[in-house]
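Structure record follows, encoded as structure tokens.
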Amino acid sequence: RKDVTESTGSSGINAEYGVMSTAKRDFLIGVEKKYQQIWESEKVYESDAKDVSPDKYFGCIPYPYMNGRLHLGHCFTITKVEYASRYQRLKGKNVLFPFAYHCTGMPIKACADKLTYEMATFGCPPNFPDESEESKKPVEQTEDFEKDPAAYQKKKGKLEMKFGNTKYQWGIMEGMGISANEIPKFANTDYWLSYFPPHCMQDLKGMGLAADWRRGFITTDVNPYYDSFVRWHFNTLKARQKIKFGKRYSVFSPKDNQPCMDHDRKSGEGVGPQEYTGIKIKLLTPFPAALSKLAGRDVYLIAATLRPETMYGQTNCFVKDDIEYVAFEAKSNEVYITTLRAAKNLAWQELTPEYGKVNVIMKLTGNDIMGAAIKAPRTKFDKVYVLPMMGVKSNKGTGVVTSVPSDAPDDYAALMDLKNKQPLREKYGIKDHMVDFEPVPIIDVPGFGNLCAVNVCQELKVNSQNEKDKLLLAKEKCYRKGFDEGVMIVGNHAGKNVKIVKPIIKEEMIAAGEAFKYQEPEKEIISRSGDECVIALCDQWFLEYGEPSWKKVTEDCLKDVECYFDDTRQGFERTIDWLHEHACSRSYGLGTKLPWDEQWLVESLSDSTIYMAYYTVAHLLQGDIYGTKPGNLDIKPEQMTHEVWNYIYLKSSPLPETSIPREKLDKMRQEFQYWYPIDIRSSGKDLVQNHLTYWLYNHTAVWNEEPDKWPRSVRANGHLLMDGEKMSKSLGNIISLHEGVQLYSADGMRLALADAGDVLEDANFNTAQANAGILRLYTLIDWIKETVEDLPNLRSGPKNEFYDKVFANDINVAVSQADKHYSNTMFREAMIAGFYEFLSARDRYRELSAAGNGMHRGLIKQYIKTQMIIIAPVCPHIADYVWREILKEEGSVVNAKWPEYSTPDDSLSKAAAHLMENVHDFRLRLINYTNPNIKKKGKAIKPNEPPNHMTVFIAKDYPKWQETTLNYLKENYDSSASPPFPENQDILKHLKTLAEIKPMMKKVMPFVAFVKSQVAEKGASVLESHLAFDEREVFQQNKDYILRSLDLDSLEICESSTYQDQKLVADVCPGKPMCKFEKRELDPVDKSSVKVTFVNIQPCTPFFKHSINVYDTDTIEDVISRLKRTDRKLKSKHVEIYRYVDPVKGPRQLLAFDQPMLWNKRKMEKVEKMEYCQTAGLKSGSNLLGDTLCYVVS
């Protein structure tokens, strides 16, 4: 898509700097396409059951719905199984990751019908009404508009350009990139099924999904094999008495005339019914003038309450003056007054004469009934009144609120406002006697007395019904304690706990005709057809999820399921706790007909709970995703009888009477028995409350005698944000999977998705990070190419250098950490440890070894192979490219074995980190030394002369007072506590009692603060009194690196305890060295010397000859150091010294340009000592050296 490509830049640089080259991205895409073809031709991801094989691993996701192209939000969930499956393959398991396409339910049918209507109404192509008048309306004053109106309008324009006119289905199809010529075909639901699944498959192949595509299928009865499977599933459930028929409260779409389950909703997924008690409050005569036409009728205001036990304390009821109410016909010739919204819910719950119909007698407002006299059930007052309340809502309950000021803080605050504020009463025409009621004690609440709301409001100093925050706190205090501990003090149930009598009083009121059951949606629910849903009492087939024995076995199943996160498990537990009957049939949409009652279709959340079992045999039954032709076993759909399915899936089922040969039956049975149960299922966290819980329930029902077939793990994830914003059409920031690959390459996009996040909180796809990933991956490939070409020139032999040992240990760390994180499905953490930090470890090795003998060939090759295996689950294309084409390894990295590793040496890791941290610290101190930002008496101090020497002061042991402090902190450290240490005053109180601490009191707490900060940064190992490594040895072994990094000539490592100026080194302790810079005369002043010429014998280098003094007893290392001080270009180089075998003739011979080492030159070791003899000149041991030596630079 041109607009997205240009706005993003695609090469890692924002387009505001101009349109940049996409060569690096295009190179990656070229590699990806090549290897996708290779994998397909090699059938790398096709997996079959084996008689003898490694462990198996079966993973999948909820199949996506086929009413559009997949976007990065889908992809984020898919990658959880994608990465896990690839990792498990590397661990030697036989892996199955199948994929299918969900078409069951309302969405496709609703979209097709909407398109049909638009073409019939507006023509084809449609000529929609002129919306110029619409555009003249004021822009919605959103937060974005307030911040920047121009930017908001610009974003709105981009949205319209991207998605078209989203008000109409035609515009939505145009926004998907579908041509005007093709859109009319989508009026036929079958065309959706033929269009989107192949596009979905192609897009997923474009990202390199490791799926076994042979096992794919679409749902609905269009696929006869899957249709037969669903019929078997439901017949099995019915035979096991899990499906019942009867009237049940369900979320219902009046427009669609059927229950509206989660997947059928445009908004309100996860929202269920809220059950109230409908209280009948009788309107007393004479009626208000506005209601005169109702004279002679029994008229009731209907209030919805969650607390029927409090009706004994009613002192009035509340309405809101400007809410519109309706008076409508109810059963028994009664008239009810509620909001129209509530009336519709009541009508669908068989509380009106005609089911689903609201016969409105008249409309009125709250003002019309303000001050009316009423009779409230159960109260001690013969007459109370209708009063105003500001907090009454038209979209919650019925718009009529019972008032119990003794136990409801809102009611008490509103009543007191009216009692205390005469102007308020006058505004609504309320007479004084109408509010002349006091709260009635009805419940005794421990700690709050028998007027709970009154006492709590007075305690919190609530002075008005407008003090929302205080009232919210008051309600939290009153309601929970009142329900849990309250005791009734009035009525027939005085002396009993509220928790016990609440349902009893409710049933008594219903039996007495004073109340009825009433339900409504907890929040607004809009169906995909655009209809506001109600709660209806309707005949339906339902799954009896609330049945105790089924619930218990599902709870047992959950105990053995790996949920990865506590929040996920708790979500399952909450759902299982409240879940009850679920409507499993509908009359509108696509799907399988209910086998025993074909006027109904199986609902989409009900036919998608055990289809993972169908994956195991789909490739054997179907020849394509539609089931239009038989698969490998040449079995026809009609041959798949209930008994055949039983034999395949249920271990105890006998061999069926069928025309299918035994070997074919056994083949299908083997596939299922081998692959099941499912090892991991990944899904968005919002499906825990429905689909995933139904998934557990159905597995325990179908395989009730085979717990080994129950799911093993479920991996939930949060939603995916795009650059920190929610992905939505309204923001125009939805990127399709196809676009994501075009913009960032497949591996660049996959890396950014892994980086997006691991936990249940919403993750964030960072487009800048995705662009950076392109550059990072390309740069890695480039470096590997150059390094592999240069491998013959790298060092071989022993790996004894400090930096060799550190890097070998870094490889172990990367492999072990990545292994742990991959196995826990923490893919972002796996990339941090196995890619980003591993790259840093490589760079550290390059840096450290450059000051020594260079990189080791074996270690570098091991690193490259290990790096490719570790990133293969996330970036498989470039990993396989490097594996095959650069490293020339056999086979594919996809099927490589996870690297073996030994337990990492923590002391080596700490030593390396200590070295790098302190060199960084030394560098900062050096900058401060040479450029002091200090003024003395208003004048700047003259910069110090650049030093050539550094002394590093170290300490093996802590001073006694520090060791005592450390031991105390260690003994009182608790990593699980917050904070993990005692409070400072407690620490100080203890330490100042100790004799060894008293003289150092001024230094104790700063030291404690330092230790705390180090523990927070590095962990509890800081509390040890000795380091895990030899600090002197670490600095000594890396002397060349330190000198090179700081551009110094000499380094001395000194024990702080032996230094004269103890004040200077007072703060030195183990792991906390300090340094001192100075300018020194580095050459000996008390030894004889001779001038020696050093000649660089390498052709085509910038190094020439130098004459320097060589002193008696100099080592070769001393000479090299002096040579580097003479020529600064040598500072960062590796230098070797050679002598001539013939010190007289050798320097006079002409160099062979192509073989400069030809003339009998011998390398001198660093430890060799040189001596000056008056008669023989310079010599080393018995070898005369003459006045000319050679040096070689690498």
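In the structure tokens, chains take letters A, B, ... by order of appearance, with residues numbered from 1 within each chain and ligands from 1 in the order shown.
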
Mind dumping a table of every range 244-285 of chain A residue within 10 Å of range 91-112 of chain A, with the nearest atom pair and its distance in Å to one decimal, using only C-alpha atoms, sorted by chain and rising number, as CSV?
```
residue,atom,partner,partner_atom,distance
A:Asp256,CA,A:Ala110,CA,9.4
A:Cys260,CA,A:Met106,CA,9.0
A:Met261,CA,A:Gly105,CA,9.3
A:His263,CA,A:Gly105,CA,7.5
A:Asp264,CA,A:Met106,CA,5.7
A:Arg265,CA,A:Pro107,CA,8.5
A:Lys266,CA,A:Pro107,CA,9.0
```

Inset, instruction - Within 10 Å of range 1135-1152 of chain A, counting only C-alpha atoms, which residues show up once you throw out same-chain ones fewer than 5 positions away? Write them as a PyMOL selection string, please. - result: chain A and resi 851-853+1094-1099+1116-1117+1119-1121+1123-1124+1130+1157-1166+1180+1183-1194

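The space between CA of Phe1104 in chain A and CA of Lys1131 in chain A spans 14.6 Å.
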
Legend entry - Who sits within 8 Å of range 749-765 of chain A, only C-alpha atoms, same chain under 3 positions skipped, as a ChimeraX atom specification: /A:76,79,207,565,567,685,716-724,740-741,744-746,769-770,773,825-829,831,874-875

Keeping only N, CA, C and O atoms, write the selected residues to a file as a compact mmCIF listing (two decimals), in the first residue's frame.
```txt
# COMPACT_ATOMS: atom_id res chain seq x y z
N PHE A 76 -0.16 -11.48 16.14
CA PHE A 76 0.48 -11.48 17.45
C PHE A 76 0.13 -12.76 18.21
O PHE A 76 1.00 -13.40 18.81
N THR A 79 1.74 -15.87 16.50
CA THR A 79 3.18 -16.07 16.70
C THR A 79 3.50 -16.80 18.00
O THR A 79 4.56 -17.41 18.12
N MET A 207 4.43 -14.80 5.79
CA MET A 207 5.18 -14.51 7.02
C MET A 207 6.01 -15.71 7.47
O MET A 207 6.70 -15.66 8.48
N PHE A 565 0.35 -17.88 33.34
CA PHE A 565 0.16 -16.69 34.16
C PHE A 565 -0.93 -16.95 35.20
O PHE A 565 -1.95 -17.56 34.89
N ASP A 567 -2.95 -14.79 36.40
CA ASP A 567 -4.17 -14.08 36.00
C ASP A 567 -5.02 -14.92 35.05
O ASP A 567 -6.25 -14.85 35.08
N LYS A 685 -6.62 -12.92 25.60
CA LYS A 685 -7.10 -13.13 26.97
C LYS A 685 -8.61 -12.97 27.08
O LYS A 685 -9.24 -13.52 27.99
N ALA A 716 -2.48 -17.38 27.01
CA ALA A 716 -3.26 -16.19 26.68
C ALA A 716 -2.33 -14.99 26.51
O ALA A 716 -1.23 -14.95 27.06
N ASN A 717 -2.78 -14.03 25.73
CA ASN A 717 -2.00 -12.79 25.54
C ASN A 717 -2.94 -11.59 25.51
O ASN A 717 -4.14 -11.72 25.32
N GLY A 718 -2.37 -10.41 25.71
CA GLY A 718 -3.14 -9.18 25.66
C GLY A 718 -3.38 -8.75 24.23
O GLY A 718 -2.96 -9.40 23.27
N HIS A 719 -4.07 -7.63 24.08
CA HIS A 719 -4.28 -7.07 22.75
C HIS A 719 -3.01 -6.40 22.26
O HIS A 719 -2.10 -6.10 23.04
N LEU A 720 -2.93 -6.16 20.96
CA LEU A 720 -1.75 -5.52 20.38
C LEU A 720 -2.06 -4.06 20.09
O LEU A 720 -3.01 -3.74 19.37
N LEU A 721 -1.27 -3.18 20.68
CA LEU A 721 -1.35 -1.76 20.37
C LEU A 721 -0.43 -1.44 19.21
O LEU A 721 0.52 -2.16 18.94
N MET A 722 -0.72 -0.35 18.53
CA MET A 722 0.13 0.08 17.43
C MET A 722 0.75 1.42 17.82
O MET A 722 0.05 2.42 17.91
N ASP A 723 2.04 1.39 18.09
CA ASP A 723 2.74 2.60 18.57
C ASP A 723 2.03 3.21 19.77
O ASP A 723 1.82 4.42 19.86
N GLY A 724 1.60 2.34 20.68
CA GLY A 724 0.99 2.79 21.92
C GLY A 724 -0.48 3.12 21.84
O GLY A 724 -1.10 3.47 22.84
N GLY A 740 2.08 -5.77 6.61
CA GLY A 740 3.19 -5.85 7.56
C GLY A 740 4.42 -6.48 6.94
O GLY A 740 5.55 -6.01 7.16
N VAL A 741 4.23 -7.53 6.14
CA VAL A 741 5.36 -8.18 5.48
C VAL A 741 5.96 -7.25 4.43
O VAL A 741 7.18 -7.17 4.28
N TYR A 744 7.88 -4.35 6.52
CA TYR A 744 8.99 -4.63 7.43
C TYR A 744 9.73 -5.92 7.12
O TYR A 744 10.67 -6.24 7.85
N SER A 745 9.34 -6.62 6.07
CA SER A 745 9.82 -7.97 5.77
C SER A 745 9.21 -8.93 6.78
O SER A 745 8.77 -8.51 7.86
N ALA A 746 9.19 -10.20 6.45
CA ALA A 746 8.58 -11.17 7.36
C ALA A 746 9.37 -11.28 8.66
O ALA A 746 8.81 -11.19 9.75
N GLN A 769 10.80 0.34 15.98
CA GLN A 769 11.55 -0.86 16.33
C GLN A 769 11.53 -1.86 15.18
O GLN A 769 12.52 -2.55 14.93
N ALA A 770 10.41 -1.95 14.48
CA ALA A 770 10.32 -2.86 13.34
C ALA A 770 11.28 -2.43 12.24
O ALA A 770 11.95 -3.26 11.62
N GLY A 773 14.69 -3.25 13.24
CA GLY A 773 14.92 -4.68 13.09
C GLY A 773 15.42 -5.04 11.70
O GLY A 773 16.27 -5.93 11.55
N THR A 825 7.42 -19.76 27.04
CA THR A 825 6.72 -18.94 26.04
C THR A 825 6.91 -17.44 26.29
O THR A 825 6.03 -16.65 25.99
N MET A 826 8.07 -17.07 26.81
CA MET A 826 8.39 -15.66 27.02
C MET A 826 9.34 -15.25 25.90
O MET A 826 10.57 -15.20 26.06
N PHE A 827 8.77 -14.95 24.74
CA PHE A 827 9.57 -14.80 23.54
C PHE A 827 10.33 -13.48 23.48
O PHE A 827 11.41 -13.41 22.90
N ARG A 828 9.78 -12.46 24.06
CA ARG A 828 10.52 -11.20 24.14
C ARG A 828 11.78 -11.39 24.99
O ARG A 828 12.86 -10.92 24.61
N GLU A 829 11.62 -12.07 26.11
CA GLU A 829 12.78 -12.34 26.96
C GLU A 829 13.78 -13.23 26.26
O GLU A 829 15.00 -13.08 26.43
N MET A 831 14.39 -13.27 23.08
CA MET A 831 15.12 -12.42 22.13
C MET A 831 16.10 -11.49 22.84
O MET A 831 17.19 -11.22 22.34
N VAL A 874 12.07 -17.23 15.66
CA VAL A 874 11.51 -15.90 15.42
C VAL A 874 11.86 -15.39 14.02
O VAL A 874 11.02 -14.80 13.34
N CYS A 875 13.08 -15.61 13.58
CA CYS A 875 13.55 -15.12 12.27
C CYS A 875 14.06 -16.31 11.45
O CYS A 875 15.27 -16.41 11.19
```

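Nearest to Cys1069 in chain A of all the residues A:Lys726, A:Lys960, A:Lys280, A:Lys506 is A:Lys960, counting only C-alpha atoms.
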
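Using only C-alpha atoms for every distance, the candidate list A:Met119, A:Val806, A:Ala23, A:Ala515 yields A:Val806 as the residue closest to Ala841 in chain A.
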
Legend entry - Close residues, Trp232 in chain A itself excluded, 12 Å, only C-alpha atoms, min 2 positions apart in chain, as a PyMOL selection string: chain A and resi 225-230+234-239+592-596+607+610-611+614+640-650+702

Legend entry - Sel. of alpha helix (DSSP H) residues, range 870-998 of chain A, as an MDAnalysis selection string: chainID A and resid 870:871 876:881 906:930 960:971 984:991

Can I get the selection written as a compact mmCIF listing (two decimals), in the first residue's frame, with N, CA and C atoms?
```txt
# COMPACT_ATOMS: atom_id res chain seq x y z
N ILE A 870 19.29 -20.02 17.78
CA ILE A 870 18.48 -19.33 18.79
C ILE A 870 17.43 -18.43 18.15
N ILE A 871 17.78 -17.74 17.06
CA ILE A 871 16.80 -16.82 16.46
C ILE A 871 15.91 -17.52 15.45
N PRO A 876 13.18 -17.21 11.03
CA PRO A 876 13.63 -18.46 10.41
C PRO A 876 14.25 -18.28 9.04
N HIS A 877 13.80 -17.25 8.30
CA HIS A 877 14.29 -17.10 6.92
C HIS A 877 15.77 -16.77 6.88
N ILE A 878 16.17 -15.71 7.63
CA ILE A 878 17.59 -15.34 7.57
C ILE A 878 18.43 -16.40 8.27
N ALA A 879 17.87 -17.06 9.28
CA ALA A 879 18.62 -18.12 9.97
C ALA A 879 18.94 -19.25 9.00
N ASP A 880 17.95 -19.64 8.19
CA ASP A 880 18.19 -20.73 7.24
C ASP A 880 19.10 -20.29 6.10
N TYR A 881 18.99 -19.03 5.71
CA TYR A 881 19.86 -18.47 4.66
C TYR A 881 21.32 -18.52 5.11
N ASP A 906 28.99 -18.20 36.63
CA ASP A 906 28.52 -16.88 37.05
C ASP A 906 29.68 -15.95 37.40
N SER A 907 30.75 -16.51 37.91
CA SER A 907 31.89 -15.67 38.28
C SER A 907 32.54 -15.04 37.06
N LEU A 908 32.60 -15.77 35.96
CA LEU A 908 33.15 -15.21 34.72
C LEU A 908 32.27 -14.07 34.21
N SER A 909 30.97 -14.27 34.25
CA SER A 909 30.05 -13.22 33.81
C SER A 909 30.22 -11.96 34.66
N LYS A 910 30.34 -12.18 35.95
CA LYS A 910 30.50 -11.02 36.84
C LYS A 910 31.84 -10.34 36.62
N ALA A 911 32.88 -11.13 36.37
CA ALA A 911 34.19 -10.55 36.13
C ALA A 911 34.19 -9.69 34.87
N ALA A 912 33.58 -10.21 33.81
CA ALA A 912 33.52 -9.44 32.56
C ALA A 912 32.70 -8.17 32.73
N ALA A 913 31.56 -8.30 33.42
CA ALA A 913 30.72 -7.11 33.65
C ALA A 913 31.47 -6.09 34.49
N HIS A 914 32.21 -6.59 35.50
CA HIS A 914 32.99 -5.71 36.37
C HIS A 914 34.04 -4.95 35.56
N LEU A 915 34.71 -5.66 34.68
CA LEU A 915 35.73 -5.02 33.83
C LEU A 915 35.11 -3.92 32.97
N MET A 916 34.02 -4.24 32.27
CA MET A 916 33.42 -3.27 31.34
C MET A 916 32.85 -2.07 32.09
N GLU A 917 32.22 -2.32 33.23
CA GLU A 917 31.66 -1.21 34.01
C GLU A 917 32.75 -0.27 34.50
N ASN A 918 33.87 -0.85 34.96
CA ASN A 918 34.92 -0.01 35.51
C ASN A 918 35.72 0.71 34.44
N VAL A 919 35.90 0.08 33.29
CA VAL A 919 36.56 0.80 32.20
C VAL A 919 35.71 2.00 31.79
N HIS A 920 34.41 1.81 31.77
CA HIS A 920 33.51 2.93 31.47
C HIS A 920 33.64 4.02 32.53
N ASP A 921 33.69 3.59 33.79
CA ASP A 921 33.85 4.55 34.88
C ASP A 921 35.20 5.26 34.80
N PHE A 922 36.28 4.50 34.49
CA PHE A 922 37.60 5.11 34.35
C PHE A 922 37.59 6.16 33.24
N ARG A 923 36.87 5.84 32.16
CA ARG A 923 36.82 6.77 31.02
C ARG A 923 36.15 8.08 31.41
N LEU A 924 35.08 7.98 32.17
CA LEU A 924 34.40 9.19 32.64
C LEU A 924 35.30 9.99 33.58
N ARG A 925 36.03 9.29 34.44
CA ARG A 925 36.93 9.97 35.36
C ARG A 925 38.08 10.64 34.60
N LEU A 926 38.53 9.97 33.53
CA LEU A 926 39.60 10.55 32.72
C LEU A 926 39.15 11.83 32.04
N ILE A 927 37.93 11.81 31.52
CA ILE A 927 37.38 13.02 30.89
C ILE A 927 37.29 14.15 31.91
N ASN A 928 36.84 13.80 33.10
CA ASN A 928 36.73 14.81 34.16
C ASN A 928 38.10 15.31 34.61
N TYR A 929 39.10 14.42 34.56
CA TYR A 929 40.46 14.79 34.97
C TYR A 929 41.07 15.79 33.97
N THR A 930 40.88 15.52 32.68
CA THR A 930 41.51 16.38 31.66
C THR A 930 40.70 17.63 31.38
N LYS A 960 36.59 -3.72 58.69
CA LYS A 960 35.76 -4.44 59.65
C LYS A 960 34.37 -3.84 59.78
N TRP A 961 34.27 -2.52 59.80
CA TRP A 961 32.95 -1.89 59.98
C TRP A 961 32.04 -2.13 58.78
N GLN A 962 32.64 -2.17 57.58
CA GLN A 962 31.84 -2.44 56.38
C GLN A 962 31.40 -3.90 56.33
N GLU A 963 32.32 -4.80 56.73
CA GLU A 963 31.97 -6.22 56.73
C GLU A 963 30.83 -6.50 57.72
N THR A 964 30.88 -5.85 58.89
CA THR A 964 29.81 -6.01 59.88
C THR A 964 28.48 -5.50 59.32
N THR A 965 28.53 -4.35 58.67
CA THR A 965 27.31 -3.77 58.07
C THR A 965 26.75 -4.69 57.00
N LEU A 966 27.64 -5.20 56.16
CA LEU A 966 27.21 -6.12 55.10
C LEU A 966 26.53 -7.36 55.67
N ASN A 967 27.14 -7.94 56.67
CA ASN A 967 26.58 -9.15 57.27
C ASN A 967 25.20 -8.90 57.85
N TYR A 968 25.02 -7.73 58.47
CA TYR A 968 23.70 -7.41 59.03
C TYR A 968 22.66 -7.27 57.91
N LEU A 969 23.06 -6.58 56.83
CA LEU A 969 22.13 -6.40 55.71
C LEU A 969 21.80 -7.74 55.06
N LYS A 970 22.80 -8.60 54.96
CA LYS A 970 22.59 -9.92 54.36
C LYS A 970 21.62 -10.75 55.19
N GLU A 971 21.80 -10.72 56.52
CA GLU A 971 20.93 -11.50 57.41
C GLU A 971 19.49 -11.01 57.39
N ASN A 984 15.62 2.38 57.19
CA ASN A 984 16.93 2.95 57.54
C ASN A 984 17.06 3.23 59.04
N GLN A 985 15.97 3.71 59.66
CA GLN A 985 16.06 4.03 61.08
C GLN A 985 16.30 2.77 61.92
N ASP A 986 15.74 1.63 61.45
CA ASP A 986 15.96 0.38 62.17
C ASP A 986 17.38 -0.12 61.97
N ILE A 987 17.89 0.05 60.76
CA ILE A 987 19.28 -0.35 60.49
C ILE A 987 20.23 0.47 61.36
N LEU A 988 20.02 1.78 61.36
CA LEU A 988 20.88 2.67 62.14
C LEU A 988 20.79 2.36 63.63
N LYS A 989 19.58 2.10 64.09
CA LYS A 989 19.37 1.82 65.51
C LYS A 989 20.18 0.61 65.95
N HIS A 990 20.25 -0.41 65.09
CA HIS A 990 21.02 -1.61 65.43
C HIS A 990 22.53 -1.37 65.33
N LEU A 991 22.96 -0.78 64.23
CA LEU A 991 24.40 -0.66 63.97
C LEU A 991 25.11 0.25 64.97
```
